[in-house]
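Reading through the structure tokens given below for one structure.
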Amino acid sequence: MVNVVSSPGAGKTELLGQVMERLRDRGVEVAAVVGDLATENDAERLGRSGALAKQILTGTMCHLEADMVEAAIADFDLASIDLLFIENVGNLVCPQSWDLGEDLRILLFPTTEGEDKPLKYPTLINTCDLVLFSKMDLAEAVGFDMELARRNCETSRPGIPMVETSARSGEGLDDFTSWIEARVRGKAAVAGATGG
Ligand SMILES: Nc1nc2c(ncn2[C@@H]2O[C@H](COP(=O)(O)OP(=O)(O)OP(=O)(O)O)[C@@H](O)[C@H]2O)c(=O)[nH]1
Ligand SMILES: [Mg+2]
């Protein structure tokens, strides 16, 4: 289970839709739940990958909680799903202290929001497993300093893995898909070896 966190509009749905398609092509059975205050738009967009995708409407809440996810997946055939993505409500503050039971937490920083975000959200960067820079196709146009952004991540969280992606050009999507796939297969292998 992978919890994807970012500010609003950082590119979570765009990225996940494409990565879910790639994972399905590689034989990974994937599903998603997505939280927003209103609209079913994102579930509909993610569903275009061919995978099961369900919307959670939070009304006024700025984050998802574990029981909301539990209720959303109650009718999923979990035995047939290898990987569940949770696209959290777009927010860099509220989701930080809510454990959804995820195996991995991924934090998106778009190139359009500045290099200083890794320094400004220490709790999120300290609880994530991967930093994903999104919208790399816009980096040059907005004068995004990739070196500085990487250095800021390293300062906040030494050794944190980082990946540069663009859902527009496709940059980094295969690498990110491989990173996820390796973890899904690794967990399945451990579960198989221990009978879990
Ligand atoms: N140029 C460019 N635009 C992108 C990229 N990824 C997403 N976008 C655009 O950015 C906007 C927001 O993308 P979404 O995928 O909806 O972002 P989100 O994080 O899911 O947004 P919320 O769920 O509302 O928080 C849309 O207009 C996308 O088309 C990218 O890699 N490059
Ligand atoms: Mg979205």
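Starting from 1 in every chain, residues are counted up; chains themselves are A, B, ... following the order of the structure tokens, and ligands are numbered from 1 as listed.
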key: Shell of 12 Å around Ala71 (chain A), only C-alpha atoms, local chain residues under 2 positions omitted, as a list of chain:residue names   =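 The contact residues come out as A:Val33, A:Lys54, A:Gln55, A:Ile56, A:Leu57, A:Leu64, A:Glu65, A:Ala66, A:Asp67, A:Met68, A:Val69, A:Ile73, A:Ala74, A:Asp75, A:Phe76.
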Residue selection dump (N, CA and C atoms) as a PDB file, in the first residue's frame:
ATOM      1  N   VAL A  33      -7.385   4.225  -4.395  1.00  0.00           N
ATOM      2  CA  VAL A  33      -8.427   5.066  -3.812  1.00  0.00           C
ATOM      3  C   VAL A  33      -7.874   6.480  -3.769  1.00  0.00           C
ATOM      4  N   LYS A  54     -11.401   4.131  -6.799  1.00  0.00           N
ATOM      5  CA  LYS A  54     -12.573   4.570  -6.049  1.00  0.00           C
ATOM      6  C   LYS A  54     -12.313   5.909  -5.373  1.00  0.00           C
ATOM      7  N   GLN A  55     -13.297   6.765  -5.419  1.00  0.00           N
ATOM      8  CA  GLN A  55     -13.181   8.094  -4.821  1.00  0.00           C
ATOM      9  C   GLN A  55     -13.626   8.069  -3.359  1.00  0.00           C
ATOM     10  N   ILE A  56     -12.898   8.765  -2.504  1.00  0.00           N
ATOM     11  CA  ILE A  56     -13.355   9.038  -1.137  1.00  0.00           C
ATOM     12  C   ILE A  56     -13.635  10.538  -1.070  1.00  0.00           C
ATOM     13  N   LEU A  57     -14.855  10.902  -0.705  1.00  0.00           N
ATOM     14  CA  LEU A  57     -15.188  12.328  -0.564  1.00  0.00           C
ATOM     15  C   LEU A  57     -15.064  12.713   0.907  1.00  0.00           C
ATOM     16  N   LEU A  64      -6.795  12.065   4.562  1.00  0.00           N
ATOM     17  CA  LEU A  64      -7.496  10.784   4.717  1.00  0.00           C
ATOM     18  C   LEU A  64      -7.084  10.151   6.040  1.00  0.00           C
ATOM     19  N   GLU A  65      -7.990   9.351   6.592  1.00  0.00           N
ATOM     20  CA  GLU A  65      -7.678   8.569   7.790  1.00  0.00           C
ATOM     21  C   GLU A  65      -7.878   7.089   7.459  1.00  0.00           C
ATOM     22  N   ALA A  66      -7.246   6.226   8.272  1.00  0.00           N
ATOM     23  CA  ALA A  66      -7.217   4.797   7.953  1.00  0.00           C
ATOM     24  C   ALA A  66      -8.621   4.197   7.830  1.00  0.00           C
ATOM     25  N   ASP A  67      -9.550   4.613   8.706  1.00  0.00           N
ATOM     26  CA  ASP A  67     -10.877   3.994   8.636  1.00  0.00           C
ATOM     27  C   ASP A  67     -11.637   4.394   7.367  1.00  0.00           C
ATOM     28  N   MET A  68     -11.290   5.569   6.804  1.00  0.00           N
ATOM     29  CA  MET A  68     -11.920   5.982   5.543  1.00  0.00           C
ATOM     30  C   MET A  68     -11.436   5.084   4.407  1.00  0.00           C
ATOM     31  N   VAL A  69     -10.157   4.757   4.451  1.00  0.00           N
ATOM     32  CA  VAL A  69      -9.597   3.861   3.429  1.00  0.00           C
ATOM     33  C   VAL A  69     -10.188   2.463   3.600  1.00  0.00           C
ATOM     34  N   ILE A  73     -12.316   0.351   0.671  1.00  0.00           N
ATOM     35  CA  ILE A  73     -11.846  -0.888   0.019  1.00  0.00           C
ATOM     36  C   ILE A  73     -12.609  -2.118   0.514  1.00  0.00           C
ATOM     37  N   ALA A  74     -13.683  -1.881   1.297  1.00  0.00           N
ATOM     38  CA  ALA A  74     -14.412  -3.009   1.896  1.00  0.00           C
ATOM     39  C   ALA A  74     -14.924  -3.990   0.837  1.00  0.00           C
ATOM     40  N   ASP A  75     -15.297  -3.471  -0.343  1.00  0.00           N
ATOM     41  CA  ASP A  75     -15.820  -4.386  -1.363  1.00  0.00           C
ATOM     42  C   ASP A  75     -14.776  -4.738  -2.423  1.00  0.00           C
ATOM     43  N   PHE A  76     -13.509  -4.413  -2.190  1.00  0.00           N
ATOM     44  CA  PHE A  76     -12.439  -4.826  -3.125  1.00  0.00           C
ATOM     45  C   PHE A  76     -12.099  -6.293  -2.859  1.00  0.00           C
TER      46      PHE A  76
END
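Residues in contact with Val28 (chain A) at 9 Å, where only C-alpha atoms are counted and same-chain residues fewer than 5 positions away are skipped, are listed as A:Met20, A:Arg22, A:Leu23, A:Ile81, A:Asp82, A:Leu83, A:Glu181, A:Val184, A:Arg185.
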task = For ligand 1, list the contacting residues at 7 Å or closer, counting only C-alpha atoms and all ligand atoms, as a PyMOL selection string.
result = chain A and resi 6-15+36+42+89-90+134-138+165-168
May I have the selected residues written with C-alpha atoms, as a PDB file, in the first residue's frame?
ATOM      1  CA  SER A   6       1.625  16.448  -2.174  1.00  0.00           C
ATOM      2  CA  SER A   7       0.229  19.953  -2.383  1.00  0.00           C
ATOM      3  CA  PRO A   8      -2.916  20.417  -4.528  1.00  0.00           C
ATOM      4  CA  GLY A   9      -2.247  20.072  -8.239  1.00  0.00           C
ATOM      5  CA  ALA A  10       1.312  18.720  -7.938  1.00  0.00           C
ATOM      6  CA  GLY A  11       0.496  16.017 -10.464  1.00  0.00           C
ATOM      7  CA  LYS A  12      -0.480  12.998  -8.341  1.00  0.00           C
ATOM      8  CA  THR A  13      -3.381  11.814 -10.502  1.00  0.00           C
ATOM      9  CA  GLU A  14      -1.563  12.408 -13.788  1.00  0.00           C
ATOM     10  CA  LEU A  15       1.456  10.446 -12.575  1.00  0.00           C
ATOM     11  CA  ASP A  36     -10.769  14.852  -2.418  1.00  0.00           C
ATOM     12  CA  ASP A  42      -9.745  11.831  -9.983  1.00  0.00           C
ATOM     13  CA  VAL A  89      -6.058  14.924  -0.374  1.00  0.00           C
ATOM     14  CA  GLY A  90      -3.784  17.596  -1.859  1.00  0.00           C
ATOM     15  CA  SER A 134       7.150  16.112 -10.807  1.00  0.00           C
ATOM     16  CA  LYS A 135       6.628  18.343 -13.874  1.00  0.00           C
ATOM     17  CA  MET A 136      10.289  18.186 -14.901  1.00  0.00           C
ATOM     18  CA  ASP A 137       9.231  19.375 -18.378  1.00  0.00           C
ATOM     19  CA  LEU A 138       8.485  22.770 -16.788  1.00  0.00           C
ATOM     20  CA  THR A 165       9.651  12.691 -13.456  1.00  0.00           C
ATOM     21  CA  SER A 166       7.369  14.294 -15.982  1.00  0.00           C
ATOM     22  CA  ALA A 167       3.958  12.887 -16.737  1.00  0.00           C
ATOM     23  CA  ARG A 168       4.056  15.036 -19.897  1.00  0.00           C
TER      24      ARG A 168
END
ask   = Which residues come within 7 Å of Val131 (chain A), counting only C-alpha atoms, excluding same-chain residues fewer than 2 positions away, as a ChimeraX atom specification?
value = /A:106-108,133,161-163
ask   = By how many Å are CA of Ile160 (chain A) and CA of Thr194 (chain A) apart?
value = 28.9 Å
task = Any chance you could list, as a VMD selection string, the residues in region 7-195 of chain A that come up strand (DSSP E or B) when DSSP is run on the backbone?
result = chain A and resid 30 to 36 52 to 57 83 to 87 104 to 110 130 to 134 162 to 164
For the residues selected in the previous step, produce a file with C-alpha atoms as a short mmCIF file (atom, residue, chain, number, x, y, z; two decimals), in the first residue's frame.
data_model
loop_
_atom_site.label_atom_id
_atom_site.label_comp_id
_atom_site.auth_asym_id
_atom_site.auth_seq_id
_atom_site.Cartn_x
_atom_site.Cartn_y
_atom_site.Cartn_z
CA VAL A 30 -3.08 -2.48 -9.04
CA ALA A 31 -6.00 -0.51 -7.59
CA ALA A 32 -6.39 2.98 -6.19
CA VAL A 33 -8.43 5.07 -3.81
CA VAL A 34 -8.30 8.83 -4.02
CA GLY A 35 -9.34 11.45 -1.54
CA ASP A 36 -10.77 14.85 -2.42
CA LEU A 52 -10.13 -0.35 -10.11
CA ALA A 53 -10.28 3.20 -8.71
CA LYS A 54 -12.57 4.57 -6.05
CA GLN A 55 -13.18 8.09 -4.82
CA ILE A 56 -13.36 9.04 -1.14
CA LEU A 57 -15.19 12.33 -0.56
CA LEU A 83 -0.71 -3.00 -4.91
CA LEU A 84 -3.08 -0.32 -3.63
CA PHE A 85 -2.27 3.34 -4.27
CA ILE A 86 -3.84 5.92 -1.99
CA GLU A 87 -3.85 9.39 -3.49
CA LEU A 104 5.45 3.32 1.55
CA ARG A 105 4.83 7.04 1.61
CA ILE A 106 5.76 9.03 -1.49
CA LEU A 107 6.10 12.78 -1.45
CA LEU A 108 5.73 14.76 -4.69
CA PHE A 109 7.42 18.12 -5.16
CA PRO A 110 6.57 19.80 -8.49
CA LEU A 130 10.86 8.55 -1.72
CA VAL A 131 10.82 12.13 -2.97
CA LEU A 132 9.44 12.41 -6.48
CA PHE A 133 10.06 15.64 -8.38
CA SER A 134 7.15 16.11 -10.81
CA MET A 162 14.79 10.94 -5.20
CA VAL A 163 13.41 10.54 -8.70
CA GLU A 164 12.81 13.16 -11.40
#
